[in-house]
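One structure is given below, encoded as structure tokens.
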Amino acid sequence: MKDTLRWAYALNQWNVRLDVFVRHEDQQRALKTVSACGFDTIELASGTGRWDNISRPEVILLNHGSHQGFLDFLRRAQVRGVSSVFWDPQAPTEEEEGYAFRSTANPADADAIVEWSKPFVDFVAGVGADQLVVRPVGSAWMTPPLDADGIKVVADVWNRIGERTAAAGIGLALHYDCLGAVHTHAELTGLLEATDPATVGFALDTAELTVGGIDPVAFYREHADRVTHVHLKDTRYADTGEEYRMPGAESTMLKGGAGRRIERWFYELGTEGGLVDVPGFVAALREHGYPGWVVVESDHGGNPAELAMLNSWYLQRVLGVAK
Amino acid sequence: MSDERAIKWSYMDHWRSNGPAGPVDQWHSHRTMSAFLKQIKAVGFDAIDTFDFRIWQMYGDYGGPAKYQEMVQDHGLERIVNTFHAADYDVRNYAPHLPETHENILEDFRVTMGRWSEIELDNIIVMPATLYYDMEPVTEDKLKYSAECWNKVGEITAGSGVRLTCHHEFFCGIQSEPDIDTFYSYTDPRYVSLFVDTAQHCIAGVDPVALYDRHAHRVSGFHFKDTRNVATGDDHRHRPDSEIMAPTTGKWFHEMGTDQGLVDFAAMMTAVRDNGYRGWISVEHDKANKEGGDYSESTAISRWYAKNVLEEIYR
């Protein structure tokens with residue numbers, strides 16, 4: 001996309017289970033699709049194990065030999081580079097002590113999580129990406145509500161990792177999701193206030209905030225100086241207030257319909273009944289001279305190629321972005 | 001994109017998507033049509049081609065070809081470039097090699113051109129012969145009768161400003177290299193053009209680049225698609241048509257740039273350039289959803305190939 005904003009596309013929806021997005025030719029097809037849609041930069045999401053050869057830094061390097069080898073692989077499809085890598089230290093991975101199930105909310109886990117960040121920091125810097133985007137805390141249903149002290153425990157972990165990312169010359173962006181234990185406007189603001197603005201930024205996901213009951217446009221305007229990364233997608237639904245606390249909310253709410261028969265939460269830009277004011281949000285980014293990446297996602301939406309094409313059409317024809 | 005390009009890209013109407021109603025094509029609803037047009041435009045196609053039999057849905061669902069074309073244009077595409085006249089050939093009443101059926105064919109085209117008169121088409125595309133098994137043995141007389149039929153049809157379509165152009169499916173009666181050359185020797189270049197389908201010719205064992213070079217002066221368009229298989233044995237003789245029923249191959253067509261593709265697209269695009277062709281190239285990959293394929297992805301990858309490989313040769 002030829003624009004003053006920097007646009008990228010996330011590959012997460014292509015990699016929906018561990019063994020379906022492994023062959024290099026399948027990955028090339030996804031990369032060419034993204035390229036044909038006008039995006040020359042991608043976001044990667046972390047995974048685990050030998051199948052995650054476009055997700056887990058160590059496995060990517062095993063497959064391609066070096067950071068440059070991976071970039072050469074992307075460039076075969078006319079994808080120039082990587083904007084960012086998403087990492088959730090709460091997600092079980094065999095590389096991180098073999099499914100240790102650690103949490104940033106547990107002070108005893110802090111040292112290990114800081115250490116686990118190393119391959120990601122090295123990889124993000126090695127491929128010339130801008131941001132390590134992270135899930136700052138696990139799901140709300142798994143932990144008691146966080147008070148200010150609890151939020152500080154979480155923030156301290158990210159302040160320590162922020163020192164590492166800053167030293168590596170990259171950014172660290174805390175990504176809000178609608179299931180996280182940092183859920184309300186007050187909790188989110190509290191987390192941002194407890195982190196160092198010099199080294200820790202915020203990854204604003206328009207749909208996740210909307211599902212969580214936070215207006216993304218208003219939140220951006222309040223905290224534009226902290227927003228260093230954006231995920232752009234739409235939703236037709238908002239949490240009624242407590243659904244994120246349903247036991248097993250990943251399955252019962254996001255995949256199971258929250259008892260309301262919601263078949264999917266996340267939608268392409270321009271979807272009928274979308275709750276996100278996408279033009280208003282993008283206008284706000286432009287007003288503030290937002291310098292970071294805007295990553296568009298097909299996340300949990302359906303056919304990833306179809307959604308990438310619909311998102312591209314929306315950017316070109318509704319937002320007026322030149323391809 | 002600049003209008004100074006020598007080549008523009010059109011997308012031939014084949015599509016399936018999965019939704020709440022199961023697998024549907026784009027004509028299922030206005031919503032699915034809109035999603036189709038958005039995807040075609042998003043990856044850089046300039047226009048669409050369609051089938052004649054869609055005209056009923058254009059009239060029924062959209063108010064006619066002109067109104068439907070307005071919807072196409074509202075999505076950022078230029079227009080409808082070509083229509084494919086998919087006739088249901090029948091040796092009893094509609095067969096180009098049987099002169100006694102010609103009046104029925106001519107009347108069909110008089111009516112058809114009237115139906116399309118609201119918009120400006122470049123080509124009306126036909127398979128110029130019945131299915132192979134209804135025409136064999138293919139004799140010079142049958143080729144001559146067929147040519148006479150299409151000369152007259154071409155005069156009718158020219159009266160509406162539309163070129164009559166022939167598309168040689170591998171399972172039709174005029175598909176071998178000598179039969180194609182004989183057929184064109186009897187047709188009038190003013191009224192009958194050739195529409196080169198890269199995959200169909202490869203499947204029939206005909207080199208599409210050499211064929212194009214020989215007939216370039218009367219080529220009025222292309223279907224750019226690939227195949228991995230050449231027809232063998234009696235692949236071309238199966239009812240209702242061999243694209244579906246040939247015993248050797250479940251999926252004949254693949255998008256441009258596919259691994260193990262038989263079409264030499266670099267040579268084809270070089271020939272297009274060297275023959276000074278200017279205008280539309282249509283892309284298709286009919287039945288792309290077979291054996292796990294996906295129309296959206298195939299369409300994006302086709303356009304990627306056109307942009308990053310073919311336009312490097314000629315644009």
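Convention: chains lettered A, B, ... in structure tokens order; per-chain residue numbering from 1; ligands numbered from 1 as shown.
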Using DSSP on the backbone coordinates, identify the residues of stretch 84-158 of chain A assigned to strand (DSSP E); present them as JSON, numbers by chain. {"A": [84, 85, 86, 87, 131, 132, 133, 134]}
Within 6 Å of chain A, which residues of chain B show up when using only C-alpha atoms, listed as an MDAnalysis selection string? chainID B and resid 38:39 42:43 296:297 300:301 304
Same residues, all heavy atoms, output as a CSV table (one decimal), in the first residue's frame:
chain,number,residue,atom,x,y,z
B,38,LYS,N,-15.6,-7.3,-5.1
B,38,LYS,CA,-14.6,-6.7,-4.2
B,38,LYS,C,-13.3,-7.5,-4.3
B,38,LYS,O,-12.2,-6.9,-4.4
B,38,LYS,CB,-15.1,-6.7,-2.8
B,38,LYS,CG,-16.1,-5.6,-2.5
B,38,LYS,CD,-16.6,-5.7,-1.0
B,38,LYS,CE,-17.6,-4.7,-0.7
B,38,LYS,NZ,-18.1,-4.8,0.7
B,39,GLN,N,-13.4,-8.8,-4.3
B,39,GLN,CA,-12.1,-9.6,-4.3
B,39,GLN,C,-11.4,-9.5,-5.6
B,39,GLN,O,-10.2,-9.4,-5.7
B,39,GLN,CB,-12.5,-11.0,-4.0
B,39,GLN,CG,-12.9,-11.2,-2.5
B,39,GLN,CD,-13.3,-12.6,-2.2
B,39,GLN,OE1,-12.5,-13.5,-2.1
B,39,GLN,NE2,-14.6,-12.8,-2.0
B,42,ALA,N,-9.9,-6.0,-5.7
B,42,ALA,CA,-8.8,-5.8,-4.7
B,42,ALA,C,-7.4,-6.3,-5.2
B,42,ALA,O,-6.4,-5.6,-4.9
B,42,ALA,CB,-9.2,-6.6,-3.4
B,43,VAL,N,-7.4,-7.4,-5.9
B,43,VAL,CA,-6.1,-7.9,-6.3
B,43,VAL,C,-5.7,-7.3,-7.7
B,43,VAL,O,-4.6,-7.7,-8.2
B,43,VAL,CB,-6.1,-9.4,-6.3
B,43,VAL,CG1,-6.2,-10.0,-4.9
B,43,VAL,CG2,-7.1,-10.0,-7.3
B,296,SER,N,-10.8,-17.9,-4.1
B,296,SER,CA,-10.2,-16.6,-3.7
B,296,SER,C,-8.7,-16.7,-3.8
B,296,SER,O,-8.0,-15.8,-4.4
B,296,SER,CB,-10.6,-16.3,-2.2
B,296,SER,OG,-12.0,-16.1,-2.1
B,297,GLU,N,-8.1,-17.7,-3.2
B,297,GLU,CA,-6.6,-17.9,-3.2
B,297,GLU,C,-6.1,-18.0,-4.7
B,297,GLU,O,-5.1,-17.3,-5.0
B,297,GLU,CB,-6.2,-19.1,-2.4
B,297,GLU,CG,-4.7,-19.2,-2.3
B,297,GLU,CD,-4.3,-20.4,-1.5
B,297,GLU,OE1,-4.5,-21.5,-2.0
B,297,GLU,OE2,-3.9,-20.3,-0.3
B,300,ALA,N,-6.1,-14.6,-6.3
B,300,ALA,CA,-5.1,-13.7,-5.8
B,300,ALA,C,-3.7,-14.1,-6.4
B,300,ALA,O,-2.9,-13.3,-6.9
B,300,ALA,CB,-5.0,-13.7,-4.3
B,301,ILE,N,-3.5,-15.4,-6.4
B,301,ILE,CA,-2.2,-15.9,-6.9
B,301,ILE,C,-2.1,-15.7,-8.4
B,301,ILE,O,-1.0,-15.4,-8.9
B,301,ILE,CB,-2.0,-17.4,-6.5
B,301,ILE,CG1,-1.8,-17.4,-5.0
B,301,ILE,CG2,-0.8,-18.0,-7.3
B,301,ILE,CD1,-1.7,-18.8,-4.4
B,304,TRP,N,-1.2,-12.2,-8.8
B,304,TRP,CA,0.2,-12.0,-8.4
B,304,TRP,C,1.1,-12.4,-9.5
B,304,TRP,O,2.1,-11.7,-9.8
B,304,TRP,CB,0.5,-12.9,-7.2
B,304,TRP,CG,1.9,-12.7,-6.6
B,304,TRP,CD1,2.3,-11.9,-5.6
B,304,TRP,CD2,3.1,-13.4,-7.0
B,304,TRP,NE1,3.6,-12.0,-5.4
B,304,TRP,CE2,4.1,-13.0,-6.2
B,304,TRP,CE3,3.3,-14.4,-8.0
B,304,TRP,CZ2,5.5,-13.4,-6.4
B,304,TRP,CZ3,4.6,-14.8,-8.2
B,304,TRP,CH2,5.7,-14.3,-7.4
Would you pick out the contacts of A:Ala8 at 8 Å or less, using only C-alpha atoms, so that residues sharing its chain but fewer than 5 positions from it are not included, and give the list as a PyMOL selection string? chain A and resi 39-43+83+293-296
Export of the given selection (N, CA, C and O atoms) as a PDB file, in the first residue's frame:
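Below is the file that was written, out15.pdb:
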ATOM      1  N   PHE A  39      -0.143  -5.720   0.189  1.00  0.00           N
ATOM      2  CA  PHE A  39       0.643  -5.628   1.429  1.00  0.00           C
ATOM      3  C   PHE A  39       2.024  -6.239   1.179  1.00  0.00           C
ATOM      4  O   PHE A  39       2.113  -7.382   0.722  1.00  0.00           O
ATOM      5  N   ASP A  40       3.072  -5.499   1.513  1.00  0.00           N
ATOM      6  CA  ASP A  40       4.411  -6.049   1.296  1.00  0.00           C
ATOM      7  C   ASP A  40       5.126  -6.353   2.608  1.00  0.00           C
ATOM      8  O   ASP A  40       6.320  -6.608   2.628  1.00  0.00           O
ATOM      9  N   THR A  41       4.354  -6.326   3.712  1.00  0.00           N
ATOM     10  CA  THR A  41       4.935  -6.568   5.024  1.00  0.00           C
ATOM     11  C   THR A  41       3.952  -7.411   5.827  1.00  0.00           C
ATOM     12  O   THR A  41       2.742  -7.235   5.701  1.00  0.00           O
ATOM     13  N   ILE A  42       4.477  -8.325   6.640  1.00  0.00           N
ATOM     14  CA  ILE A  42       3.600  -9.234   7.387  1.00  0.00           C
ATOM     15  C   ILE A  42       3.907  -9.196   8.883  1.00  0.00           C
ATOM     16  O   ILE A  42       4.998  -8.830   9.306  1.00  0.00           O
ATOM     17  N   GLU A  43       2.889  -9.618   9.651  1.00  0.00           N
ATOM     18  CA  GLU A  43       3.110  -9.881  11.080  1.00  0.00           C
ATOM     19  C   GLU A  43       3.055 -11.385  11.301  1.00  0.00           C
ATOM     20  O   GLU A  43       2.197 -12.080  10.737  1.00  0.00           O
ATOM     21  N   SER A  83       6.803  -6.738   9.969  1.00  0.00           N
ATOM     22  CA  SER A  83       6.540  -5.565  10.800  1.00  0.00           C
ATOM     23  C   SER A  83       6.720  -5.891  12.270  1.00  0.00           C
ATOM     24  O   SER A  83       7.204  -5.071  13.059  1.00  0.00           O
ATOM     25  N   TRP A 293       3.082   0.633  12.702  1.00  0.00           N
ATOM     26  CA  TRP A 293       2.433  -0.249  11.722  1.00  0.00           C
ATOM     27  C   TRP A 293       0.949  -0.385  12.023  1.00  0.00           C
ATOM     28  O   TRP A 293       0.544  -0.460  13.181  1.00  0.00           O
ATOM     29  N   VAL A 294       0.158  -0.450  10.970  1.00  0.00           N
ATOM     30  CA  VAL A 294      -1.253  -0.813  11.086  1.00  0.00           C
ATOM     31  C   VAL A 294      -1.381  -2.200  10.448  1.00  0.00           C
ATOM     32  O   VAL A 294      -1.241  -2.350   9.238  1.00  0.00           O
ATOM     33  N   VAL A 295      -1.615  -3.191  11.300  1.00  0.00           N
ATOM     34  CA  VAL A 295      -1.654  -4.570  10.824  1.00  0.00           C
ATOM     35  C   VAL A 295      -3.113  -4.987  10.665  1.00  0.00           C
ATOM     36  O   VAL A 295      -3.881  -4.974  11.634  1.00  0.00           O
ATOM     37  N   VAL A 296      -3.493  -5.336   9.452  1.00  0.00           N
ATOM     38  CA  VAL A 296      -4.854  -5.801   9.194  1.00  0.00           C
ATOM     39  C   VAL A 296      -4.867  -7.313   9.365  1.00  0.00           C
ATOM     40  O   VAL A 296      -3.914  -8.001   8.999  1.00  0.00           O
TER      41      VAL A 296
END
Among the residues B:Asp241, B:Thr101, B:Thr165, B:Arg214, the one that comes closest to B:Asn275 [using only C-alpha atoms]: B:Arg214
Residues at most 9 Å from B:His236, counting only C-alpha atoms, excluding those fewer than 4 positions away in the same chain, as a list in words? Leu131, Tyr132, Tyr133, Phe170, Phe171, Cys172, Ala204, Ala231, Thr232, Asp241, Ser242, Glu243 and Ala246 of chain B
May I have the residues within 12 Å of A:Leu172 as a VMD selection string, using only C-alpha atoms and disregarding those fewer than 6 positions away in the same chain? chain A and resid 84 to 87 117 120 to 121 124 to 125 129 to 136 157 to 166 195 to 203 226 to 229 292
Give me every alpha helix (DSSP H) residue in stretch 140-229 of chain B, going by DSSP on the backbone, as a PyMOL selection string. chain B and resi 140-159+177-186+198-203+208-215
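With only C-alpha atoms as the atoms that count, the minimum distance from A:Glu222 to the choices A:Val318, A:Thr4, A:Leu192, A:His300 is reached by A:Leu192.
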Which residue gives the smallest distance to B:His102 among B:Asn229, B:Ser17, B:Ser146, B:Asn123, with only C-alpha atoms counted? B:Ser146
For A:Asp277, list every protein, DNA or RNA residue within 9 Å, evaluated using only C-alpha atoms, and leave out those in the same chain fewer than 5 positions away; present the list as an NGL selection string. :A and (206 or 216-217 or 234 or 282)
Skipping near chain neighbours, those fewer than 6 positions away, what residues fall within 12 Å of B:Arg315 using only C-alpha atoms, listed as a ChimeraX atom specification? /B:1-9,269-270,272-274,276-281,306-309
Let's have the selection written as a tab-separated table (two decimals), in the first residue's frame, with N, CA, C and O atoms.
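Produced file selection_1.tsv, reproduced below:
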chain	number	residue	atom	x	y	z
B	1	MET	N	-3.65	2.62	-11.63
B	1	MET	CA	-3.00	2.12	-12.83
B	1	MET	C	-3.26	3.06	-14.01
B	1	MET	O	-4.34	3.63	-14.14
B	2	SER	N	-2.31	3.17	-14.87
B	2	SER	CA	-2.44	4.08	-16.00
B	2	SER	C	-3.22	3.44	-17.14
B	2	SER	O	-3.13	2.25	-17.40
B	3	ASP	N	-3.99	4.26	-17.84
B	3	ASP	CA	-4.71	3.77	-19.01
B	3	ASP	C	-3.78	3.52	-20.18
B	3	ASP	O	-4.21	3.05	-21.23
B	4	GLU	N	-2.50	3.87	-20.03
B	4	GLU	CA	-1.56	3.69	-21.13
B	4	GLU	C	-1.07	2.25	-21.24
B	4	GLU	O	-0.33	1.91	-22.15
B	5	ARG	N	-1.51	1.39	-20.35
B	5	ARG	CA	-1.06	0.01	-20.42
B	5	ARG	C	-1.55	-0.65	-21.71
B	5	ARG	O	-2.69	-0.44	-22.14
B	6	ALA	N	-0.71	-1.47	-22.28
B	6	ALA	CA	-1.12	-2.22	-23.47
B	6	ALA	C	-2.08	-3.34	-23.09
B	6	ALA	O	-2.95	-3.72	-23.87
B	7	ILE	N	-1.91	-3.88	-21.90
B	7	ILE	CA	-2.69	-5.04	-21.47
B	7	ILE	C	-3.52	-4.69	-20.25
B	7	ILE	O	-3.01	-4.09	-19.29
B	8	LYS	N	-4.79	-5.06	-20.28
B	8	LYS	CA	-5.62	-5.01	-19.08
B	8	LYS	C	-6.11	-6.43	-18.80
B	8	LYS	O	-6.16	-7.28	-19.70
B	9	TRP	N	-6.48	-6.63	-17.55
B	9	TRP	CA	-6.79	-7.98	-17.08
B	9	TRP	C	-8.26	-8.11	-16.70
B	9	TRP	O	-8.76	-7.32	-15.89
B	269	MET	N	3.51	-14.79	-23.13
B	269	MET	CA	3.45	-13.33	-22.96
B	269	MET	C	4.44	-12.64	-23.90
B	269	MET	O	4.17	-11.54	-24.40
B	270	THR	N	5.56	-13.30	-24.13
B	270	THR	CA	6.52	-12.75	-25.09
B	270	THR	C	5.90	-12.69	-26.49
B	270	THR	O	6.06	-11.70	-27.22
B	272	VAL	N	2.68	-12.48	-27.11
B	272	VAL	CA	1.66	-11.42	-27.07
B	272	VAL	C	2.32	-10.06	-27.32
B	272	VAL	O	1.83	-9.24	-28.11
B	273	ARG	N	3.46	-9.87	-26.69
B	273	ARG	CA	4.21	-8.62	-26.88
B	273	ARG	C	4.70	-8.49	-28.32
B	273	ARG	O	4.48	-7.46	-28.98
B	274	ASP	N	5.33	-9.54	-28.81
B	274	ASP	CA	5.98	-9.46	-30.12
B	274	ASP	C	4.97	-9.36	-31.26
B	274	ASP	O	5.31	-8.86	-32.34
B	276	GLY	N	2.39	-7.53	-30.94
B	276	GLY	CA	1.81	-6.20	-30.80
B	276	GLY	C	0.37	-6.20	-30.32
B	276	GLY	O	-0.37	-5.24	-30.57
B	277	TYR	N	-0.02	-7.26	-29.61
B	277	TYR	CA	-1.41	-7.31	-29.12
B	277	TYR	C	-1.63	-6.24	-28.07
B	277	TYR	O	-0.82	-6.05	-27.17
B	278	ARG	N	-2.72	-5.53	-28.17
B	278	ARG	CA	-3.13	-4.56	-27.15
B	278	ARG	C	-4.57	-4.84	-26.79
B	278	ARG	O	-5.40	-5.06	-27.66
B	279	GLY	N	-4.86	-4.85	-25.51
B	279	GLY	CA	-6.24	-5.08	-25.11
B	279	GLY	C	-6.33	-5.97	-23.89
B	279	GLY	O	-5.48	-5.91	-23.00
B	280	TRP	N	-7.36	-6.80	-23.88
B	280	TRP	CA	-7.68	-7.56	-22.68
B	280	TRP	C	-7.14	-8.97	-22.71
B	280	TRP	O	-7.19	-9.63	-23.75
B	281	ILE	N	-6.62	-9.42	-21.59
B	281	ILE	CA	-6.34	-10.83	-21.36
B	281	ILE	C	-7.24	-11.27	-20.21
B	281	ILE	O	-7.26	-10.65	-19.14
B	306	ALA	N	0.45	-12.53	-12.77
B	306	ALA	CA	0.36	-11.58	-13.87
B	306	ALA	C	1.21	-10.34	-13.59
B	306	ALA	O	1.93	-9.85	-14.45
B	307	LYS	N	1.13	-9.86	-12.36
B	307	LYS	CA	1.85	-8.63	-12.01
B	307	LYS	C	3.36	-8.86	-11.94
B	307	LYS	O	4.14	-8.06	-12.47
B	308	ASN	N	3.75	-9.92	-11.28
B	308	ASN	CA	5.17	-10.08	-10.96
B	308	ASN	C	5.96	-10.88	-11.98
B	308	ASN	O	7.19	-10.84	-11.96
B	309	VAL	N	5.29	-11.61	-12.84
B	309	VAL	CA	5.99	-12.37	-13.88
B	309	VAL	C	5.63	-11.84	-15.27
B	309	VAL	O	6.49	-11.40	-16.02
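Note that atom CA of B:Thr83 and atom CA of B:Gln57 are 14.0 Å apart.
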What does the distance between atom CA of B:Pro128 and atom CA of B:Cys166 come to in Å, to one decimal place?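 Here the two named atoms are 5.7 Å from each other.
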Record the distance separating atom CA of A:Trp141 and atom CA of A:Arg56, expressed in Å with one decimal.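 Separation between atom CA of A:Trp141 and atom CA of A:Arg56: 26.9 Å.
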